[in-house]
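Here is final.cif, consisting of mmCIF, C-alpha atoms:
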data_start
loop_
_atom_site.label_atom_id
_atom_site.label_comp_id
_atom_site.auth_asym_id
_atom_site.auth_seq_id
_atom_site.Cartn_x
_atom_site.Cartn_y
_atom_site.Cartn_z
CA MET A 1 -67.41 21.80 31.52
CA ALA A 2 -69.48 23.65 34.07
CA GLU A 3 -68.56 27.02 35.44
CA ALA A 4 -65.82 26.93 38.02
CA GLU A 5 -67.36 29.03 40.69
CA VAL A 6 -70.31 27.74 42.64
CA LYS A 7 -72.81 30.00 44.20
CA THR A 8 -75.12 28.41 46.68
CA ALA A 9 -78.36 29.96 47.74
CA ALA A 10 -76.83 30.51 51.15
CA GLU A 11 -73.91 32.43 49.77
CA GLY A 12 -76.15 34.45 47.55
CA GLY A 13 -77.27 36.62 50.44
CA ALA A 14 -75.44 39.78 51.38
CA ALA A 15 -74.66 38.44 54.84
CA ALA A 16 -72.43 35.60 53.65
CA PRO A 17 -69.23 37.55 52.89
CA GLU A 18 -68.79 38.52 56.52
CA ALA A 19 -69.13 34.94 57.72
CA ALA A 20 -65.42 34.12 57.70
CA GLU A 21 -64.50 37.10 59.84
CA ALA A 22 -67.35 36.43 62.22
CA GLU A 23 -65.87 33.01 63.01
CA ALA A 24 -62.60 34.18 64.51
CA PRO A 25 -60.08 31.34 64.82
CA LYS A 26 -59.18 30.35 68.35
CA LYS A 27 -55.50 29.69 67.74
CA PRO A 28 -54.72 31.32 64.43
CA VAL A 29 -51.51 30.11 62.84
CA ASP A 30 -51.81 32.85 60.30
CA PRO A 31 -54.79 35.13 60.80
CA SER A 32 -54.76 36.17 57.18
CA PHE A 33 -54.95 32.60 55.92
CA GLU A 34 -58.24 31.94 54.16
CA PRO A 35 -58.36 28.27 53.21
CA GLU A 36 -59.83 27.03 49.98
CA ILE A 37 -62.16 24.19 50.87
CA ILE A 38 -63.91 21.87 48.45
CA VAL A 39 -67.19 20.30 49.50
CA PHE A 40 -68.47 17.33 47.57
CA ALA A 41 -72.15 17.65 48.36
CA CYS A 42 -74.90 15.15 47.74
CA HIS A 43 -77.78 16.48 45.67
CA TYR A 44 -80.35 14.92 47.99
CA CYS A 45 -79.13 16.20 51.34
CA ALA A 46 -76.15 18.47 51.87
CA TYR A 47 -76.77 20.55 48.78
CA ALA A 48 -80.36 21.11 49.87
CA ALA A 49 -79.20 21.68 53.44
CA ALA A 50 -76.93 24.46 52.17
CA ASP A 51 -79.94 25.96 50.46
CA LEU A 52 -81.88 25.77 53.69
CA ALA A 53 -79.01 27.33 55.63
CA GLY A 54 -79.28 30.24 53.23
CA SER A 55 -83.03 30.51 53.67
CA MET A 56 -82.55 30.44 57.43
CA ARG A 57 -79.97 33.22 57.06
CA LEU A 58 -77.39 31.15 58.90
CA GLN A 59 -73.85 32.29 58.46
CA TYR A 60 -70.97 30.04 57.61
CA PRO A 61 -67.50 30.63 56.22
CA SER A 62 -67.30 31.62 52.59
CA ASN A 63 -64.16 29.51 52.21
CA ILE A 64 -66.15 26.54 51.05
CA ARG A 65 -66.80 25.82 47.40
CA MET A 66 -69.41 23.21 46.60
CA ILE A 67 -69.38 20.57 43.92
CA LYS A 68 -72.70 18.83 43.58
CA LEU A 69 -72.83 15.08 43.12
CA PRO A 70 -75.85 12.86 42.50
CA CYS A 71 -74.69 10.89 45.58
CA THR A 72 -71.48 10.91 47.63
CA GLY A 73 -71.15 7.28 46.55
CA LYS A 74 -70.06 8.69 43.20
CA LEU A 75 -66.96 10.04 44.88
CA GLU A 76 -63.84 8.00 44.34
CA VAL A 77 -60.50 8.00 46.12
CA ILE A 78 -58.82 9.64 43.15
CA HIS A 79 -61.31 12.53 43.14
CA LEU A 80 -60.30 13.49 46.66
CA MET A 81 -56.62 13.05 45.81
CA ARG A 82 -56.99 15.24 42.73
CA ALA A 83 -58.61 17.97 44.81
CA ILE A 84 -55.72 17.90 47.30
CA GLU A 85 -53.20 17.84 44.45
CA ALA A 86 -55.00 20.77 42.89
CA GLY A 87 -54.16 22.71 46.03
CA ALA A 88 -57.36 22.52 48.07
CA ASP A 89 -56.48 23.19 51.71
CA GLY A 90 -59.25 20.89 52.83
CA VAL A 91 -61.82 18.65 51.21
CA TYR A 92 -64.92 17.11 52.65
CA ALA A 93 -67.80 15.02 51.48
CA ALA A 94 -71.25 15.85 52.79
CA GLY A 95 -73.70 13.02 52.38
CA CYS A 96 -77.01 11.87 53.75
CA LEU A 97 -77.47 10.56 57.26
CA GLU A 98 -76.30 6.98 57.53
CA GLY A 99 -79.15 4.65 56.66
CA GLU A 100 -80.94 7.36 54.69
CA CYS A 101 -78.96 7.44 51.46
CA HIS A 102 -81.22 7.88 48.44
CA TYR A 103 -79.20 5.11 46.79
CA LEU A 104 -79.11 3.08 50.03
CA LYS A 105 -75.38 2.87 50.71
CA GLY A 106 -73.61 5.60 48.73
CA ASN A 107 -72.74 7.60 51.83
CA LEU A 108 -71.28 4.51 53.50
CA TRP A 109 -69.06 3.95 50.47
CA ALA A 110 -68.02 7.59 50.61
CA ARG A 111 -67.03 7.28 54.27
CA LYS A 112 -64.82 4.29 53.46
CA ARG A 113 -63.17 6.17 50.62
CA VAL A 114 -62.56 9.22 52.77
CA THR A 115 -60.96 6.92 55.35
CA LYS A 116 -58.75 5.45 52.63
CA VAL A 117 -57.67 8.92 51.51
CA LYS A 118 -56.78 9.78 55.11
CA GLU A 119 -54.41 6.80 55.05
CA LEU A 120 -52.92 7.85 51.73
CA LEU A 121 -52.36 11.41 52.93
CA ALA A 122 -50.66 10.13 56.09
CA GLU A 123 -48.40 7.98 53.89
CA VAL A 124 -47.19 10.98 51.94
CA GLY A 125 -46.78 13.15 55.04
CA LEU A 126 -49.90 15.30 54.76
CA GLU A 127 -52.40 15.73 57.56
CA PRO A 128 -55.25 13.19 57.31
CA GLU A 129 -57.49 15.84 58.87
CA ARG A 130 -57.51 17.66 55.55
CA VAL A 131 -60.25 15.31 54.38
CA GLU A 132 -63.48 14.49 56.20
CA MET A 133 -66.91 13.00 55.85
CA TYR A 134 -70.03 14.69 57.22
CA ASN A 135 -73.57 13.41 57.27
CA MET A 136 -76.73 15.48 57.30
CA SER A 137 -80.26 15.49 55.98
CA SER A 138 -81.74 18.09 53.67
CA ALA A 139 -83.62 19.49 56.68
CA MET A 140 -80.42 20.18 58.60
CA GLY A 141 -79.44 23.64 57.47
CA ALA A 142 -77.88 24.36 60.85
CA LYS A 143 -75.79 21.21 60.66
CA PHE A 144 -74.53 22.27 57.24
CA ALA A 145 -73.42 25.65 58.57
CA GLU A 146 -71.93 24.02 61.65
CA SER A 147 -69.93 21.50 59.58
CA ALA A 148 -68.64 24.19 57.27
CA THR A 149 -67.59 26.30 60.24
CA GLU A 150 -65.99 23.44 62.13
CA PHE A 151 -64.05 22.21 59.11
CA THR A 152 -62.91 25.69 58.11
CA GLU A 153 -61.62 26.26 61.64
CA ARG A 154 -59.80 22.96 61.53
CA ILE A 155 -58.07 23.84 58.26
CA LYS A 156 -57.17 27.30 59.51
CA GLN A 157 -55.42 25.62 62.42
CA LEU A 158 -53.60 23.25 60.06
CA GLY A 159 -52.45 26.02 57.76
CA PRO A 160 -52.21 25.98 53.98
CA ASN A 161 -51.85 22.81 51.94
CA PRO A 162 -48.08 22.56 51.42
CA VAL A 163 -48.52 21.58 47.78
CA LYS A 164 -50.69 24.60 46.98
CA ARG A 165 -49.70 26.35 43.77
CA PRO A 166 -50.22 30.09 43.61
CA GLY A 167 -52.75 31.28 41.10
CA VAL A 168 -54.42 27.90 40.66
CA SER A 169 -58.05 27.57 41.65
CA ALA A 170 -58.32 24.28 43.49
CA HIS A 171 -62.07 24.36 43.04
CA ALA A 172 -61.87 24.76 39.28
CA ALA A 173 -59.23 22.05 39.05
CA ALA A 174 -61.16 19.68 41.31
CA ARG A 175 -64.32 20.23 39.34
CA GLU A 176 -62.48 19.65 36.09
CA ALA A 177 -60.96 16.48 37.52
CA LEU A 178 -64.38 15.15 38.43
CA GLY A 179 -65.55 15.21 34.84
CA ASP A 180 -69.10 14.02 34.33
CA VAL A 181 -69.45 12.96 37.94
CA ALA A 182 -70.10 16.54 39.02
CA MET A 183 -73.60 17.87 38.46
CA ALA A 184 -74.47 21.29 37.16
CA ASP A 185 -75.30 23.72 39.92
CA ASP A 186 -78.78 25.03 40.52
CA GLY A 187 -79.45 28.52 41.63
CA PRO A 188 -78.75 31.78 39.91
CA PRO A 189 -77.90 31.65 36.24
CA PRO A 190 -74.20 31.62 35.56
CA ALA A 191 -72.80 35.09 35.45
CA ALA A 192 -69.21 36.19 35.65
CA PRO A 193 -69.44 38.23 38.87
CA ALA A 194 -71.45 35.57 40.72
CA GLY A 195 -68.40 33.82 42.15
CA GLU A 196 -66.60 36.98 43.10
CA GLY A 197 -69.55 38.04 45.19
CA ASN A 198 -68.82 35.15 47.51
CA GLN A 199 -65.42 36.40 48.50
CA PRO A 200 -65.09 38.04 51.89
CA MET B 1 -57.10 -15.00 39.00
CA ILE B 2 -53.68 -13.65 39.92
CA THR B 3 -53.85 -11.35 42.92
CA ALA B 4 -51.35 -8.85 44.24
CA GLU B 5 -51.03 -6.39 47.06
CA ARG B 6 -49.45 -2.97 46.82
CA LYS B 7 -46.07 -2.61 48.46
CA PRO B 8 -45.70 -0.22 51.40
CA PHE B 9 -45.24 3.36 50.22
CA GLU B 10 -41.82 3.67 51.87
CA GLU B 11 -40.55 0.66 49.93
CA ILE B 12 -41.87 2.06 46.66
CA LEU B 13 -40.16 5.38 47.39
CA SER B 14 -36.85 3.63 47.97
CA LEU B 15 -37.18 1.78 44.64
CA VAL B 16 -37.49 5.02 42.66
CA GLU B 17 -35.11 7.12 44.72
CA GLY B 18 -33.15 9.63 42.69
CA GLN B 19 -35.19 9.11 39.52
CA LYS B 20 -36.60 12.19 37.81
CA LYS B 21 -39.21 10.79 35.43
CA ILE B 22 -41.37 8.08 36.89
CA LEU B 23 -44.03 6.21 34.96
CA VAL B 24 -46.53 4.30 37.06
CA ALA B 25 -47.83 1.53 34.81
CA GLY B 26 -51.02 -0.26 35.76
CA CYS B 27 -52.31 -3.45 34.22
CA ASP B 28 -56.02 -3.68 33.41
CA THR B 29 -56.49 -7.39 33.83
CA CYS B 30 -56.00 -9.45 37.03
CA VAL B 31 -54.51 -6.73 39.23
CA ALA B 32 -57.23 -4.31 38.14
CA ILE B 33 -59.95 -6.77 39.08
CA CYS B 34 -58.37 -7.31 42.50
CA LEU B 35 -58.32 -3.51 42.89
CA THR B 36 -54.56 -3.31 43.36
CA GLY B 37 -52.87 -2.26 40.16
CA GLY B 38 -55.32 -1.14 37.50
CA GLU B 39 -55.43 2.27 35.90
CA LYS B 40 -57.27 3.76 38.89
CA GLU B 41 -54.73 2.50 41.38
CA ALA B 42 -51.87 3.61 39.11
CA GLU B 43 -53.25 7.14 39.14
CA ILE B 44 -53.64 7.07 42.92
CA LEU B 45 -50.02 5.97 43.38
CA ALA B 46 -48.82 8.60 40.90
CA SER B 47 -50.78 11.21 42.84
CA GLU B 48 -49.20 10.08 46.11
CA LEU B 49 -45.70 10.19 44.61
CA ARG B 50 -46.29 13.72 43.31
CA LEU B 51 -47.63 14.93 46.65
CA LYS B 52 -44.63 13.45 48.44
CA ALA B 53 -42.12 14.90 45.98
CA GLN B 54 -43.69 18.35 46.13
CA GLN B 55 -43.47 18.39 49.88
CA ASP B 56 -39.86 17.22 49.86
CA GLY B 57 -39.05 19.89 47.29
CA ARG B 58 -37.91 17.35 44.71
CA GLU B 59 -38.37 18.02 41.01
CA VAL B 60 -39.95 14.80 39.87
CA GLU B 61 -42.29 14.16 36.97
CA VAL B 62 -44.72 11.38 37.75
CA THR B 63 -47.18 10.18 35.13
CA HIS B 64 -49.36 7.11 34.90
CA THR B 65 -50.62 4.78 32.22
CA SER B 66 -51.95 1.28 31.96
CA ALA B 67 -51.73 -1.62 29.56
CA ILE B 68 -54.62 -3.94 28.88
CA ARG B 69 -52.23 -6.77 29.79
CA GLN B 70 -48.61 -6.17 30.72
CA CYS B 71 -47.85 -9.86 30.17
CA GLU B 72 -48.29 -9.70 26.40
CA TRP B 73 -45.87 -8.06 23.95
CA GLU B 74 -48.62 -6.56 21.81
CA TYR B 75 -50.19 -4.67 24.69
CA LEU B 76 -46.78 -3.47 25.86
CA ASP B 77 -46.25 -2.00 22.39
CA MET B 78 -49.17 0.33 23.05
CA ILE B 79 -47.39 2.13 25.89
CA ALA B 80 -43.92 2.11 24.28
CA LYS B 81 -43.61 5.88 23.95
CA GLN B 82 -44.43 6.55 27.61
CA VAL B 83 -42.04 3.84 28.76
CA GLU B 84 -39.22 5.15 26.60
CA GLU B 85 -39.62 8.67 27.99
CA ALA B 86 -39.44 7.52 31.61
CA ASP B 87 -36.32 7.04 33.72
CA VAL B 88 -38.02 4.29 35.67
CA VAL B 89 -41.23 2.31 35.25
CA LEU B 90 -43.07 1.48 38.43
CA SER B 91 -45.12 -1.49 37.35
CA MET B 92 -48.28 -2.41 39.21
CA ALA B 93 -48.78 -5.62 37.24
CA CYS B 94 -48.25 -9.09 38.66
CA GLY B 95 -44.77 -10.62 38.56
CA ILE B 96 -45.42 -11.84 35.03
CA GLY B 97 -46.29 -8.40 33.74
CA ILE B 98 -43.38 -6.73 35.54
CA GLN B 99 -40.93 -9.20 34.01
CA SER B 100 -42.44 -8.87 30.54
CA MET B 101 -42.07 -5.11 30.80
CA ALA B 102 -38.48 -5.42 32.03
CA GLU B 103 -37.62 -7.84 29.24
CA LYS B 104 -39.27 -5.93 26.43
CA TYR B 105 -37.78 -2.59 27.39
CA ALA B 106 -34.42 -3.81 28.73
CA PRO B 107 -32.27 -2.23 30.01
CA LYS B 108 -34.98 0.20 31.17
CA LEU B 109 -35.29 0.28 34.94
CA VAL B 110 -38.56 -1.49 35.83
CA MET B 111 -39.52 -1.70 39.49
CA PRO B 112 -42.35 -3.61 41.16
CA ALA B 113 -44.93 -1.55 43.02
CA VAL B 114 -46.85 -4.64 44.13
CA ASP B 115 -46.21 -8.02 45.68
CA THR B 116 -47.89 -10.76 43.68
CA ASN B 117 -49.30 -13.11 46.26
CA MET B 118 -51.66 -15.81 45.03
CA LEU B 119 -54.04 -17.39 42.59
CA GLY B 120 -57.20 -16.40 44.32
CA MET B 121 -60.96 -16.55 44.06
CA PRO B 122 -63.13 -13.54 44.89
CA GLN B 123 -65.23 -14.92 47.74
CA GLU B 124 -67.20 -11.69 47.89
CA HIS B 125 -66.52 -8.18 46.65
CA ALA B 126 -63.04 -7.11 47.82
CA VAL B 127 -62.17 -10.45 49.50
CA TRP B 128 -59.94 -13.02 47.79
CA LEU B 129 -59.11 -16.53 48.91
CA GLU B 130 -56.19 -18.63 47.69
CA ARG B 131 -57.42 -21.59 45.70
CA CYS B 132 -54.59 -22.87 43.52
CA ALA B 133 -50.85 -23.38 43.86
CA ALA B 134 -50.29 -24.01 40.12
CA CYS B 135 -48.48 -27.21 41.14
CA GLY B 136 -48.87 -28.80 37.72
CA ASP B 137 -50.41 -32.05 38.95
CA CYS B 138 -54.03 -31.48 39.91
CA ARG B 139 -55.61 -33.97 42.31
CA ILE B 140 -58.90 -32.32 43.07
CA GLY B 141 -60.81 -34.93 41.10
CA LEU B 142 -60.09 -37.25 44.04
CA THR B 143 -60.74 -34.68 46.74
CA GLY B 144 -64.21 -33.43 45.97
CA GLY B 145 -63.03 -30.28 44.24
CA VAL B 146 -61.12 -29.00 47.26
CA CYS B 147 -57.37 -28.54 46.77
CA PRO B 148 -55.39 -30.11 49.62
CA ILE B 149 -52.14 -28.59 48.36
CA VAL B 150 -53.10 -25.00 48.87
CA ARG B 151 -55.95 -25.23 51.38
CA CYS B 152 -54.37 -27.68 53.81
CA SER B 153 -51.70 -25.91 55.87
CA LYS B 154 -49.47 -28.98 55.54
CA SER B 155 -50.43 -29.74 51.91
CA LEU B 156 -51.26 -33.28 53.01
CA LEU B 157 -52.25 -35.80 50.37
CA ASN B 158 -53.64 -38.14 53.01
CA GLY B 159 -55.57 -36.18 55.58
CA PRO B 160 -56.78 -35.02 57.92
CA CYS B 161 -53.98 -34.82 60.45
CA GLY B 162 -54.40 -34.70 64.23
CA GLY B 163 -54.60 -30.93 64.13
CA SER B 164 -58.09 -30.89 62.69
CA HIS B 165 -60.73 -29.94 65.23
CA ALA B 166 -64.40 -29.16 64.65
CA GLY B 167 -63.70 -28.44 61.00
CA LEU B 168 -60.88 -26.03 61.76
CA CYS B 169 -57.14 -26.31 61.27
CA GLU B 170 -54.77 -25.99 64.22
CA VAL B 171 -52.92 -23.38 62.20
CA ARG B 172 -54.26 -19.86 62.09
CA ARG B 173 -53.17 -17.32 59.53
CA ASP B 174 -53.19 -13.56 60.12
CA ASN B 175 -55.11 -14.23 63.34
CA GLU B 176 -57.93 -15.90 61.49
CA ASP B 177 -59.14 -19.47 61.59
CA ILE B 178 -58.55 -21.66 58.57
CA GLU B 179 -61.06 -24.29 57.57
CA CYS B 180 -59.55 -27.79 57.63
CA ALA B 181 -59.26 -28.72 53.95
CA TRP B 182 -59.62 -32.40 54.75
CA ALA B 183 -62.79 -31.81 56.76
CA LEU B 184 -64.15 -29.98 53.73
CA ILE B 185 -63.01 -32.81 51.47
CA TYR B 186 -64.76 -35.38 53.67
CA GLU B 187 -68.01 -33.40 53.76
CA ARG B 188 -67.96 -32.89 50.00
CA LEU B 189 -67.16 -36.53 49.21
CA LYS B 190 -69.87 -37.65 51.62
CA ALA B 191 -72.41 -35.42 49.88
CA GLN B 192 -71.34 -37.02 46.61
CA GLY B 193 -71.59 -40.53 48.09
CA ARG B 194 -67.89 -41.06 47.45
CA GLU B 195 -66.51 -40.92 50.99
CA GLU B 196 -64.76 -44.27 50.50
CA LEU B 197 -62.14 -42.28 48.54
CA MET B 198 -60.93 -41.07 51.95
CA LEU B 199 -59.69 -44.60 52.68
CA GLU B 200 -57.38 -44.79 49.70
CA VAL B 201 -53.75 -44.19 50.50
CA ARG B 202 -52.21 -41.79 48.02
CA GLY B 203 -48.59 -42.10 47.02
CA PRO B 204 -46.23 -39.21 46.52
CA LYS B 205 -47.29 -36.53 44.11
CA ASP B 206 -45.19 -35.68 41.06
CA TRP B 207 -43.57 -32.48 42.23
CA SER B 208 -41.32 -32.34 39.16
CA LYS B 209 -44.26 -30.66 37.46
CA SER B 210 -44.18 -27.86 40.04
CA SER B 211 -41.84 -24.87 40.15
CA SER B 212 -38.97 -26.46 42.07
CA GLY B 213 -37.18 -27.84 38.98
CA GLY B 214 -36.69 -24.50 37.28
CA PRO B 215 -39.12 -22.39 35.24
CA ARG B 216 -41.75 -24.36 33.41
CA LYS B 217 -42.55 -24.03 29.74
CA MET B 218 -45.72 -24.85 27.87
CA VAL B 219 -45.95 -25.22 24.09
CA ARG B 220 -49.11 -25.76 22.03
CA GLU B 221 -47.53 -27.18 18.95
CA GLU B 222 -50.75 -27.23 16.92
CA ALA B 223 -51.30 -23.55 17.57
CA LYS B 224 -47.80 -22.26 16.90
CA PRO B 225 -47.54 -19.99 13.88
CA VAL B 226 -46.33 -21.77 10.78
#
Will you turn the file into structure tokens for me?
Amino acid sequence: MAEAEVKTAAEGGAAAPEAAEAEAPKKPVDPSFEPEIIVFACHYCAYAAADLAGSMRLQYPSNIRMIKLPCTGKLEVIHLMRAIEAGADGVYAAGCLEGECHYLKGNLWARKRVTKVKELLAEVGLEPERVEMYNMSSAMGAKFAESATEFTERIKQLGPNPVKRPGVSAHAAAREALGDVAMADDGPPPAAPAGEGNQP
Amino acid sequence: MITAERKPFEEILSLVEGQKKILVAGCDTCVAICLTGGEKEAEILASELRLKAQQDGREVEVTHTSAIRQCEWEYLDMIAKQVEEADVVLSMACGIGIQSMAEKYAPKLVMPAVDTNMLGMPQEHAVWLERCAACGDCRIGLTGGVCPIVRCSKSLLNGPCGGSHAGLCEVRRDNEDIECAWALIYERLKAQGREELMLEVRGPKDWSKSSSGGPRKMVREEAKPV
């Protein structure tokens, strides 16, 4: 199983840790609440867009933890449910622009599955807004940062996932739950302190 | 194949109310193919039940499993341990599987998580159409391979009726048009050069072979173990 912590090129820079504070919430429910957000990112677009955001020195919240997929079409309903059950405060899929999926329709499938999970969450009394689908191309570093910021703000407003268990890393659990679907991360070689460096 | 639809979540919750150890049991045959009650769907339901219980502050243990076929004793044997450990089994199999489970593990509480609804054909991925009523007296040899029992809203043996217009039935179901079965039968017979069959008057069908006279039983004597 791959390392739990993901370090994107964008987060690798020294500027990243301050990103969360820079984006002050408008109506903070709990100003100290730092959500744990899982991003299921497509290898062909969002993952590269995150890289670009880093190269462009764009800042975005360090609350997000990426899990790379070969295509968001690989994402199934149960993967999103497992991430929420693992205690993720928010989960979103970031796929290619509609009509530009490397595998033609994977991102359209992902959108349908995200919609289904919204229904399931509503059924059990959780906020459907805790899951979302974003689309971007690999050239849209700014869009990646913007999505991460927007979603983090949204989750800060919603507050913590009520089923969160203290001491459990939702990212590690979500990654584990994905099994072979998740791809190994590029970037710096795995090193123990790499993940910690991302914390604000 | 047999198709089923998952029950509303609220109804499922009420069926397992007060139970501490819930086993969601999928079935990997018909209900898995119609994307309602296979192993994947069993895990999704288990996940939902856990999320709900955690929020309500209830201590509930929800696990999931699946049998290759819940309608056969041998496959039910394979999940015996999990069933025995549970207070209640929430079966996602069709009505046959649910009853087999309830019978094999009686008096274990076995609850249905799905409504079995039809013998359907996958028209395209994720769309099923009812094609057979399992009436026990098949007439489609005379109707061009189109079943008037299940596809005609009135199950007419001598159609069409006056409610057929431009190939559509006067009845609509779930706000959607229904093709007139007898218009389809006519077109098919005509293509086969057998449209004169439409002129034959058909007498009453033998409904004693259908489900109204109690549960049916089938025995293959030559295949029974000696």
Against chain B, which residues of chain A fall within 7 Å? For each one I want the closest pair of atoms and the distance in Å (one decimal), counting only C-alpha atoms, rows by chain and increasing residue number, as a tab-separated table.
residue	atom	partner	partner_atom	distance
A:Ile78	CA	B:Ile44	CA	5.8
A:Met81	CA	B:Ser47	CA	6.8
A:Glu85	CA	B:Leu51	CA	6.7
A:Glu123	CA	B:Phe9	CA	6.7
A:Val124	CA	B:Lys52	CA	5.0
A:Gly125	CA	B:Lys52	CA	6.9
A:Pro162	CA	B:Gln55	CA	6.4
A:Val163	CA	B:Gln54	CA	6.0
Original post:
Which value, in Å to one decimal, gives the distance between atom CA of A:Tyr47 and atom CA of A:Val117?
Top reply: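 These two atoms are separated by 22.5 Å.
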**OP:** For B:Ile33, list every protein, DNA or RNA residue within 12 Å, evaluated using only C-alpha atoms, and leave out those in the same chain fewer than 3 positions away; present the list as a list in words.
**Re:**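 After dropping sequence-adjacent residues, the list is Met1, Ile2, Thr3, Ala4, Glu5, Gly26, Cys27, Asp28, Thr29, Cys30, Thr36, Gly37, Gly38, Glu39, Lys40, Glu41, Ile68, Ala93, Cys94, Gly120, Met121, Pro122, His125, Ala126, Val127 and Trp128 of chain B.
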Take the residues that were just selected and, keeping C-alpha atoms, output them as a PDB file, in the coordinates of the input.
ATOM      1  CA  MET B   1     -57.100 -15.000  39.000  1.00  0.00           C
ATOM      2  CA  ILE B   2     -53.680 -13.650  39.920  1.00  0.00           C
ATOM      3  CA  THR B   3     -53.850 -11.350  42.920  1.00  0.00           C
ATOM      4  CA  ALA B   4     -51.350  -8.850  44.240  1.00  0.00           C
ATOM      5  CA  GLU B   5     -51.030  -6.390  47.060  1.00  0.00           C
ATOM      6  CA  GLY B  26     -51.020  -0.260  35.760  1.00  0.00           C
ATOM      7  CA  CYS B  27     -52.310  -3.450  34.220  1.00  0.00           C
ATOM      8  CA  ASP B  28     -56.020  -3.680  33.410  1.00  0.00           C
ATOM      9  CA  THR B  29     -56.490  -7.390  33.830  1.00  0.00           C
ATOM     10  CA  CYS B  30     -56.000  -9.450  37.030  1.00  0.00           C
ATOM     11  CA  THR B  36     -54.560  -3.310  43.360  1.00  0.00           C
ATOM     12  CA  GLY B  37     -52.870  -2.260  40.160  1.00  0.00           C
ATOM     13  CA  GLY B  38     -55.320  -1.140  37.500  1.00  0.00           C
ATOM     14  CA  GLU B  39     -55.430   2.270  35.900  1.00  0.00           C
ATOM     15  CA  LYS B  40     -57.270   3.760  38.890  1.00  0.00           C
ATOM     16  CA  GLU B  41     -54.730   2.500  41.380  1.00  0.00           C
ATOM     17  CA  ILE B  68     -54.620  -3.940  28.880  1.00  0.00           C
ATOM     18  CA  ALA B  93     -48.780  -5.620  37.240  1.00  0.00           C
ATOM     19  CA  CYS B  94     -48.250  -9.090  38.660  1.00  0.00           C
ATOM     20  CA  GLY B 120     -57.200 -16.400  44.320  1.00  0.00           C
ATOM     21  CA  MET B 121     -60.960 -16.550  44.060  1.00  0.00           C
ATOM     22  CA  PRO B 122     -63.130 -13.540  44.890  1.00  0.00           C
ATOM     23  CA  HIS B 125     -66.520  -8.180  46.650  1.00  0.00           C
ATOM     24  CA  ALA B 126     -63.040  -7.110  47.820  1.00  0.00           C
ATOM     25  CA  VAL B 127     -62.170 -10.450  49.500  1.00  0.00           C
ATOM     26  CA  TRP B 128     -59.940 -13.020  47.790  1.00  0.00           C
TER      27      TRP B 128
END
Original post:
So how far away is atom CA of B:Leu90 from atom CA of A:Arg113, in Å?
Top reply: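 So the two atoms, atom CA of A:Arg113 and atom CA of B:Leu90, lie 24.0 Å apart.
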Subject >> Residues matched by the PyMOL selection byres ((chain B and resi 197-205) around 12) as a PyMOL selection string >> reply: chain B and resi 135-144+148-149+155-160+182-190+192-196+206-210
Original post:
For the file shown, what are the residues hit by the PyMOL selection byres ((chain A and resi 149) around 10), laid out as a VMD selection string?
Top reply: chain A and resid 19 to 20 23 59 to 64 143 to 148 150 to 154
Emit the selected residues as a JSON list (two decimals), in the coordinates of the input, including C-alpha atoms.
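Contents of the output file again06.json:
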[["chain", "number", "residue", "atom", "x", "y", "z"],
["A", 19, "ALA", "CA", -69.13, 34.94, 57.72],
["A", 20, "ALA", "CA", -65.42, 34.12, 57.70],
["A", 23, "GLU", "CA", -65.87, 33.01, 63.01],
["A", 59, "GLN", "CA", -73.85, 32.29, 58.46],
["A", 60, "TYR", "CA", -70.97, 30.04, 57.61],
["A", 61, "PRO", "CA", -67.50, 30.63, 56.22],
["A", 62, "SER", "CA", -67.30, 31.62, 52.59],
["A", 63, "ASN", "CA", -64.16, 29.51, 52.21],
["A", 64, "ILE", "CA", -66.15, 26.54, 51.05],
["A", 143, "LYS", "CA", -75.79, 21.21, 60.66],
["A", 144, "PHE", "CA", -74.53, 22.27, 57.24],
["A", 145, "ALA", "CA", -73.42, 25.65, 58.57],
["A", 146, "GLU", "CA", -71.93, 24.02, 61.65],
["A", 147, "SER", "CA", -69.93, 21.50, 59.58],
["A", 148, "ALA", "CA", -68.64, 24.19, 57.27],
["A", 150, "GLU", "CA", -65.99, 23.44, 62.13],
["A", 151, "PHE", "CA", -64.05, 22.21, 59.11],
["A", 152, "THR", "CA", -62.91, 25.69, 58.11],
["A", 153, "GLU", "CA", -61.62, 26.26, 61.64],
["A", 154, "ARG", "CA", -59.80, 22.96, 61.53]]
Subject >> Selection dump of the PyMOL selection byres ((chain A and resi 70) around 12), as a PyMOL selection string >> reply: chain A and resi 40-48+67-69+71-75+94-96+101-103+106-107+180-185
Original post:
What separation in Å, quoted to one decimal, exists between atom CA of B:Asn117 and atom CA of B:Arg151?
Top reply: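 These two atoms are separated by 14.7 Å.
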If we draw a sphere of 9 Å around (-40.2, -6.4, 41.0), which residues have at least one atom in it when counting all atoms listed in the file? Please report them as a PDB file with C-alpha atoms, in the coordinates of the input.
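The file below, part11.pdb, is the result:
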ATOM      1  CA  LEU B  90     -43.070   1.480  38.430  1.00  0.00           C
ATOM      2  CA  SER B  91     -45.120  -1.490  37.350  1.00  0.00           C
ATOM      3  CA  CYS B  94     -48.250  -9.090  38.660  1.00  0.00           C
ATOM      4  CA  GLY B  95     -44.770 -10.620  38.560  1.00  0.00           C
ATOM      5  CA  ILE B  98     -43.380  -6.730  35.540  1.00  0.00           C
ATOM      6  CA  GLN B  99     -40.930  -9.200  34.010  1.00  0.00           C
ATOM      7  CA  VAL B 110     -38.560  -1.490  35.830  1.00  0.00           C
ATOM      8  CA  MET B 111     -39.520  -1.700  39.490  1.00  0.00           C
ATOM      9  CA  PRO B 112     -42.350  -3.610  41.160  1.00  0.00           C
ATOM     10  CA  ALA B 113     -44.930  -1.550  43.020  1.00  0.00           C
ATOM     11  CA  VAL B 114     -46.850  -4.640  44.130  1.00  0.00           C
ATOM     12  CA  ASP B 115     -46.210  -8.020  45.680  1.00  0.00           C
TER      13      ASP B 115
END
